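K.L.:
Dropping in input_3.cif, which is mmCIF, C-alpha atoms:
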```cif
data_query
loop_
_atom_site.label_atom_id
_atom_site.label_comp_id
_atom_site.auth_asym_id
_atom_site.auth_seq_id
_atom_site.Cartn_x
_atom_site.Cartn_y
_atom_site.Cartn_z
CA GLN A 1310 45.27 0.61 35.25
CA VAL A 1311 45.18 -0.30 31.59
CA HIS A 1312 48.43 -0.57 29.68
CA LEU A 1313 48.30 -0.16 25.90
CA VAL A 1314 51.02 -1.13 23.44
CA GLU A 1315 50.79 -0.30 19.76
CA SER A 1316 52.61 -2.11 16.98
CA GLY A 1317 52.49 -2.53 13.23
CA GLY A 1318 53.71 0.85 12.12
CA GLY A 1319 56.37 1.29 9.49
CA LEU A 1320 57.29 2.72 6.12
CA VAL A 1321 54.91 2.06 3.25
CA GLN A 1322 54.45 3.45 -0.23
CA ALA A 1323 51.43 5.50 -1.12
CA GLY A 1324 48.55 3.22 -2.06
CA GLY A 1325 49.76 0.51 0.29
CA SER A 1326 48.19 -0.77 3.47
CA LEU A 1327 49.08 -1.37 7.10
CA ARG A 1328 47.41 -3.02 10.04
CA LEU A 1329 48.11 -1.47 13.40
CA SER A 1330 47.57 -3.42 16.59
CA CYS A 1331 46.94 -2.26 20.13
CA ALA A 1332 47.38 -4.84 22.85
CA ALA A 1333 45.72 -4.05 26.16
CA SER A 1334 46.74 -5.42 29.53
CA GLY A 1335 45.59 -4.74 33.04
CA GLY A 1336 41.97 -4.79 31.99
CA THR A 1337 39.51 -6.48 29.66
CA SER A 1338 39.36 -4.65 26.35
CA SER A 1339 35.65 -5.44 25.95
CA MET A 1340 34.99 -3.17 28.97
CA TYR A 1341 36.56 -0.26 27.17
CA ALA A 1342 35.84 1.84 24.17
CA MET A 1343 39.01 1.98 22.11
CA GLY A 1344 40.19 4.73 19.84
CA TRP A 1345 42.98 5.51 17.44
CA PHE A 1346 44.43 8.99 17.14
CA ARG A 1347 47.37 10.32 15.19
CA GLN A 1348 49.73 13.25 15.38
CA ALA A 1349 51.83 14.54 12.54
CA PRO A 1350 54.86 16.80 13.14
CA GLY A 1351 53.76 20.32 13.96
CA LYS A 1352 50.11 19.37 14.11
CA GLU A 1353 47.63 18.64 16.86
CA ARG A 1354 46.59 15.12 17.70
CA GLU A 1355 43.57 14.13 15.64
CA PHE A 1356 40.96 11.43 15.81
CA VAL A 1357 41.15 8.53 13.36
CA ALA A 1358 38.71 5.83 14.45
CA ALA A 1359 37.07 4.32 17.52
CA THR A 1360 35.03 1.34 18.53
CA GLY A 1361 32.55 0.98 21.36
CA HIS A 1362 29.03 -0.32 20.79
CA ILE A 1363 29.45 1.00 17.24
CA THR A 1364 32.36 2.19 15.17
CA TYR A 1365 33.35 5.75 14.40
CA TYR A 1366 35.66 7.11 11.69
CA ALA A 1367 37.14 10.46 10.84
CA ASP A 1368 36.09 11.71 7.42
CA SER A 1369 39.72 11.68 6.34
CA VAL A 1370 39.95 7.87 6.67
CA LYS A 1371 36.34 6.79 6.20
CA GLY A 1372 36.02 4.17 3.51
CA ARG A 1373 39.67 3.14 3.64
CA SER A 1374 40.11 2.20 7.29
CA ILE A 1375 38.62 -0.55 9.39
CA ILE A 1376 38.74 -0.69 13.18
CA SER A 1377 38.10 -4.04 14.81
CA ARG A 1378 38.78 -5.86 18.03
CA ASP A 1379 39.62 -9.36 19.12
CA SER A 1380 38.34 -9.58 22.67
CA THR A 1381 39.90 -13.01 23.19
CA LYS A 1382 43.30 -11.38 22.69
CA ASN A 1383 42.48 -8.01 24.26
CA THR A 1384 43.62 -6.42 21.04
CA VAL A 1385 42.23 -3.71 18.82
CA PHE A 1386 43.26 -3.33 15.19
CA LEU A 1387 43.27 -0.50 12.71
CA GLU A 1388 43.59 -1.60 9.12
CA MET A 1389 44.43 1.24 6.81
CA LEU A 1390 44.14 0.91 3.05
CA SER A 1391 45.04 3.17 0.15
CA LEU A 1392 47.49 5.05 2.33
CA LYS A 1393 48.41 8.61 1.43
CA PRO A 1394 51.46 10.69 2.37
CA GLU A 1395 49.17 12.80 4.55
CA ASP A 1396 48.52 9.72 6.68
CA THR A 1397 52.10 9.99 7.93
CA ALA A 1398 51.98 10.43 11.70
CA VAL A 1399 52.52 8.76 15.03
CA TYR A 1400 49.46 6.65 15.71
CA TYR A 1401 48.22 6.30 19.27
CA CYS A 1402 45.81 3.85 20.80
CA ALA A 1403 43.55 5.05 23.61
CA ALA A 1404 40.94 3.56 25.94
CA ARG A 1405 38.01 4.82 27.95
CA ILE A 1406 35.35 3.04 29.98
CA LEU A 1407 32.58 1.70 27.77
CA THR A 1408 29.30 3.25 28.86
CA ARG A 1409 25.94 1.53 28.52
CA GLN A 1410 24.71 4.13 26.09
CA ILE A 1411 26.09 4.60 22.63
CA ALA A 1412 28.47 7.54 22.96
CA PRO A 1413 28.05 10.50 20.62
CA ALA A 1414 30.61 10.68 17.86
CA GLN A 1415 31.95 14.00 19.15
CA ILE A 1416 32.76 12.36 22.47
CA MET A 1417 34.50 9.41 20.90
CA ALA A 1418 36.50 11.76 18.68
CA SER A 1419 37.76 13.83 21.60
CA SER A 1420 41.17 12.91 22.96
CA SER A 1421 40.19 14.33 26.36
CA ALA A 1422 37.52 11.63 26.69
CA TYR A 1423 40.13 8.88 26.93
CA ASP A 1424 41.82 7.78 30.12
CA TYR A 1425 44.62 5.56 28.88
CA TRP A 1426 47.12 5.98 26.07
CA GLY A 1427 49.79 3.92 24.40
CA GLN A 1428 53.24 5.16 23.48
CA GLY A 1429 52.49 5.39 19.76
CA THR A 1430 53.74 3.77 16.58
CA GLN A 1431 55.17 5.64 13.60
CA VAL A 1432 53.52 5.34 10.22
CA THR A 1433 55.35 6.88 7.28
CA VAL A 1434 53.82 6.91 3.82
CA SER A 1435 56.17 7.74 0.97
CA SER A 1436 54.97 9.28 -2.27
#
```
What do you get writing this file as structure tokens?

P.N.:
Amino acid sequence: QVHLVESGGGLVQAGGSLRLSCAASGGTSSMYAMGWFRQAPGKEREFVAATGHITYYADSVKGRSIISRDSTKNTVFLEMLSLKPEDTAVYYCAARILTRQIAPAQIMASSSAYDYWGQGTQVTVSS
């Protein structure tokens, strides 16, 4: 059983940046593909970024977000730059077993492909 805890959310002005962290316990993060999803009020949960053998990004954040991991600390990070009000959401960290093959982007972007979820961290971007 993998336990995920997100942190780093908060209130930031448009154009600012945040770095979200996801600490994993109960497993070795390098054995898992890790993803970030977000859910805004009244909207469905949507994919943001993921890392496995390669990295994946949603078009909405590509070029202004960086996902990385520190395996020594079992932690995955999501650095978000040039934040926009539409980035306001609860951000969730998720994990799934890392397969030998490089997973297709559509798999990594699907919330149903992940087995473990954190409780979420709120990101609010003011205009």

K.L.:
For the file shown, report as number ranges by chain the outcome of the PyMOL selection byres ((chain A and resi 1421-1429) around 7) at residue level.

P.N.:
A: 1311, 1313-1315, 1399-1405, 1416-1417, 1419-1420, 1430-1431

K.L.:
Need the shell around Pro1413 in chain A: protein/DNA/RNA residues with any atom at most 12 Å away, counting all atoms listed in the file. Skip same-chain ones fewer than 5 positions apart. Format as number ranges by chain?

P.N.:
A: 1359-1365, 1408, 1418-1419, 1422

K.L.:
If I take CA of Arg1347 in chain A and CA of Ile1406 in chain A, how far is one from the other in Å, to one decimal?

P.N.:
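Those two atoms sit 20.4 Å apart.
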
K.L.:
Go through A:Val1357, A:Ala1412, A:Leu1392, A:Ala1398 and flag the residue nearest Ile1376 in chain A, using only C-alpha atoms for the distances.

P.N.:
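Counting only C-alpha atoms, the residue closest to Ile1376 in chain A is A:Val1357.
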
K.L.:
Please report, as JSON, the centre and edge lengths in Å to one decimal of an axis-aligned box covering all listed atoms of range 1380-1385 of chain A with 6 Å per side.

P.N.:
```
{"center_x": 41.0, "center_y": -8.4, "center_z": 21.5, "size_x": 17.3, "size_y": 21.3, "size_z": 17.4}
```

K.L.:
Please determine, counting all atoms listed in the file, which residue among A:Ala1367, A:Leu1407, A:Lys1393, A:Ala1358 has the shortest atom-to-atom distance to Trp1345 in chain A.

P.N.:
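That would be A:Ala1358, the residue with the smallest distance to Trp1345 in chain A.
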
K.L.:
Mind listing whatever residues come within 10 Å of the point (57.0, 14.8, 4.9)? Use only C-alpha atoms, file coordinates, and give them as a ChimeraX atom specification.

P.N.:
/A:1349-1350,1394-1395,1397-1398,1433-1436

K.L.:
Quick one: distance from CA of Ala1342 in chain A to CA of Gln1410 in chain A in Å, one decimal?

P.N.:
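CA of Gln1410 in chain A lies 11.5 Å from CA of Ala1342 in chain A.
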
K.L.:
Work out how far CA of Leu1329 in chain A is from CA of Asp1379 in chain A, in Å to one decimal.

P.N.:
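Taking CA of Asp1379 in chain A and CA of Leu1329 in chain A, their separation equals 12.9 Å.
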